[in-house]
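*Asks:* This is the structure I have questions about; it appears just below.
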Amino acid sequence: MMKDTSAALQHYGIKNGSKIMMLGDAAPIPQPAPTSTPLAASSSNASANASAQSLHTMTPEELALHKLAEIETTLTQTTTPLVESYISLALEYTTTPISAIDPVQSKKLKDSHARVSELILQVLLKVDGVKVPEGDELVRGKRKEAVKRCNGYLDTVDGWKEKVREFEERVKQQQQQTGEGEEGGSGAKM
């Protein structure tokens, strides 16, 4: 349970593969004091400064909606294709005949799962960083949708990871049975 509602999830040791349940209460949400953005400090071109200035003049609701729109873009353009790629790799692997199984593919799947899960958790941490103005149901709803989408992606990739694990276990059992059957058969002839 988070005692400090302004702390990020990473401060509580949330790790890759964790599922998050969010519950709220009627307590007011503290509003951060406006600060200059890193974009304004690091950029020298006029359009970047204008963009940073417009972020600075946004209301808390507009800023939260802007951040959630950026997160939605990340989910749509980056996360979704990676999740789909992982599912495709896992499906191909789990339908491979036992005689054609490549140990390198298993390693690629494990690495891909770790990469996709980490990306989803990073997005979830960004969602966690979006402050919902008090009583703003629109922002709260959009933030909740983003959390559900991230958790759905995590459930999906973790589900496929489990299918891969079960497949590899079946392959291992079949290989052991085949090996034992050959040994048993030759032992009976002696």
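The way I read the labels, and the way they are meant: chains A, B, ... in the order of the structure tokens, residue 1 as the first residue of every chain, and ligand 1 as the first ligand shown, with later ones counted on from there.
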If we count only C-alpha atoms, what is near A:Val164 at a cut-off of 10 Å, once residues fewer than 3 positions away on the same chain are taken out, given as a VMD selection string?

*Replies:* chain A and resid 90 to 91 93 to 95 106 109 to 110 158 to 161 167 to 170

*Asks:* Could you tell me which of A:Arg149, A:Gly13, A:Leu154, A:Gly135 comes closest to A:His113 if we count only C-alpha atoms?

*Replies:*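 With only C-alpha atoms as the atom set, the closest residue is A:Leu154.
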
*Asks:* Return the single residue from A:Leu89, A:Val130, A:Ile120, A:Ile101 that is closest to A:Leu63, with distances computed using only C-alpha atoms.

*Replies:* A:Val130

*Asks:* Determine, counting only C-alpha atoms, which protein, DNA and RNA residues have an atom within 10 Å of an atom of A:Ile71; residues of the same chain fewer than 6 positions away are not included. Present the result as a list in words.

*Replies:*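 Residues near the query, excluding close chain neighbours: Leu65, Gln77, Val123, Leu124, Lys126, Val127, Val130, Arg143 and Ala146 of chain A.
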
*Asks:* Keeping only all heavy atoms, take the residues you just selected and write them out as a PDB file, in the first residue's frame.

*Replies:*
```
ATOM      1  N   LEU A  65      -4.000  15.773 -19.809  1.00  0.00           N
ATOM      2  CA  LEU A  65      -4.517  15.217 -21.061  1.00  0.00           C
ATOM      3  C   LEU A  65      -3.432  15.158 -22.130  1.00  0.00           C
ATOM      4  O   LEU A  65      -3.357  14.197 -22.908  1.00  0.00           O
ATOM      5  CB  LEU A  65      -5.718  16.029 -21.556  1.00  0.00           C
ATOM      6  CG  LEU A  65      -6.995  15.871 -20.735  1.00  0.00           C
ATOM      7  CD1 LEU A  65      -8.052  16.878 -21.182  1.00  0.00           C
ATOM      8  CD2 LEU A  65      -7.532  14.446 -20.818  1.00  0.00           C
ATOM      9  N   GLN A  77       2.062   3.341 -31.173  1.00  0.00           N
ATOM     10  CA  GLN A  77       3.118   3.282 -32.176  1.00  0.00           C
ATOM     11  C   GLN A  77       4.301   2.395 -31.789  1.00  0.00           C
ATOM     12  O   GLN A  77       4.983   1.901 -32.676  1.00  0.00           O
ATOM     13  CB  GLN A  77       3.623   4.687 -32.482  1.00  0.00           C
ATOM     14  CG  GLN A  77       2.581   5.550 -33.153  1.00  0.00           C
ATOM     15  CD  GLN A  77       3.074   6.955 -33.440  1.00  0.00           C
ATOM     16  OE1 GLN A  77       4.184   7.334 -33.068  1.00  0.00           O
ATOM     17  NE2 GLN A  77       2.252   7.745 -34.103  1.00  0.00           N
ATOM     18  N   VAL A 123       6.067   2.504 -19.475  1.00  0.00           N
ATOM     19  CA  VAL A 123       4.877   3.276 -19.839  1.00  0.00           C
ATOM     20  C   VAL A 123       3.946   3.396 -18.631  1.00  0.00           C
ATOM     21  O   VAL A 123       3.402   4.466 -18.354  1.00  0.00           O
ATOM     22  CB  VAL A 123       4.149   2.644 -21.050  1.00  0.00           C
ATOM     23  CG1 VAL A 123       2.823   3.356 -21.308  1.00  0.00           C
ATOM     24  CG2 VAL A 123       5.030   2.690 -22.292  1.00  0.00           C
ATOM     25  N   LEU A 124       3.797   2.307 -17.892  1.00  0.00           N
ATOM     26  CA  LEU A 124       2.946   2.330 -16.698  1.00  0.00           C
ATOM     27  C   LEU A 124       3.465   3.337 -15.671  1.00  0.00           C
ATOM     28  O   LEU A 124       2.680   4.035 -15.022  1.00  0.00           O
ATOM     29  CB  LEU A 124       2.856   0.926 -16.094  1.00  0.00           C
ATOM     30  CG  LEU A 124       1.793   0.686 -15.050  1.00  0.00           C
ATOM     31  CD1 LEU A 124       0.410   1.041 -15.555  1.00  0.00           C
ATOM     32  CD2 LEU A 124       1.821  -0.765 -14.599  1.00  0.00           C
ATOM     33  N   LYS A 126       5.066   6.046 -16.453  1.00  0.00           N
ATOM     34  CA  LYS A 126       4.712   7.370 -16.988  1.00  0.00           C
ATOM     35  C   LYS A 126       3.252   7.688 -16.674  1.00  0.00           C
ATOM     36  O   LYS A 126       2.921   8.816 -16.327  1.00  0.00           O
ATOM     37  CB  LYS A 126       4.943   7.419 -18.500  1.00  0.00           C
ATOM     38  CG  LYS A 126       6.395   7.494 -18.888  1.00  0.00           C
ATOM     39  CD  LYS A 126       6.551   7.550 -20.396  1.00  0.00           C
ATOM     40  CE  LYS A 126       8.015   7.538 -20.792  1.00  0.00           C
ATOM     41  NZ  LYS A 126       8.180   7.544 -22.258  1.00  0.00           N
ATOM     42  N   VAL A 127       2.392   6.692 -16.814  1.00  0.00           N
ATOM     43  CA  VAL A 127       0.976   6.889 -16.484  1.00  0.00           C
ATOM     44  C   VAL A 127       0.855   7.239 -15.005  1.00  0.00           C
ATOM     45  O   VAL A 127       0.088   8.132 -14.626  1.00  0.00           O
ATOM     46  CB  VAL A 127       0.135   5.630 -16.811  1.00  0.00           C
ATOM     47  CG1 VAL A 127      -1.296   5.787 -16.312  1.00  0.00           C
ATOM     48  CG2 VAL A 127       0.143   5.351 -18.309  1.00  0.00           C
ATOM     49  N   VAL A 130       1.246  10.877 -14.127  1.00  0.00           N
ATOM     50  CA  VAL A 130       0.228  11.856 -14.541  1.00  0.00           C
ATOM     51  C   VAL A 130      -0.646  12.178 -13.332  1.00  0.00           C
ATOM     52  O   VAL A 130      -1.299  11.302 -12.770  1.00  0.00           O
ATOM     53  CB  VAL A 130      -0.634  11.319 -15.707  1.00  0.00           C
ATOM     54  CG1 VAL A 130      -1.761  12.293 -16.027  1.00  0.00           C
ATOM     55  CG2 VAL A 130       0.218  11.055 -16.930  1.00  0.00           C
ATOM     56  N   ARG A 143      -6.735   8.107 -17.622  1.00  0.00           N
ATOM     57  CA  ARG A 143      -5.597   7.513 -16.912  1.00  0.00           C
ATOM     58  C   ARG A 143      -5.914   6.058 -16.576  1.00  0.00           C
ATOM     59  O   ARG A 143      -5.086   5.167 -16.742  1.00  0.00           O
ATOM     60  CB  ARG A 143      -5.313   8.310 -15.640  1.00  0.00           C
ATOM     61  CG  ARG A 143      -4.074   7.880 -14.898  1.00  0.00           C
ATOM     62  CD  ARG A 143      -3.837   8.848 -13.729  1.00  0.00           C
ATOM     63  NE  ARG A 143      -2.627   8.566 -13.032  1.00  0.00           N
ATOM     64  CZ  ARG A 143      -2.514   7.714 -12.012  1.00  0.00           C
ATOM     65  NH1 ARG A 143      -3.580   7.061 -11.590  1.00  0.00           N
ATOM     66  NH2 ARG A 143      -1.369   7.509 -11.423  1.00  0.00           N
ATOM     67  N   ALA A 146      -5.554   3.913 -19.614  1.00  0.00           N
ATOM     68  CA  ALA A 146      -4.142   3.660 -19.926  1.00  0.00           C
ATOM     69  C   ALA A 146      -3.572   2.577 -19.004  1.00  0.00           C
ATOM     70  O   ALA A 146      -2.829   1.697 -19.452  1.00  0.00           O
ATOM     71  CB  ALA A 146      -3.329   4.947 -19.818  1.00  0.00           C
TER      72      ALA A 146
END
```

*Asks:* To one decimal in Å, tell me the separation between atom CA of A:Leu68 and atom CA of A:Leu125.

*Replies:*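 According to the coordinates, atom CA of A:Leu68 and atom CA of A:Leu125 are separated by 12.0 Å.
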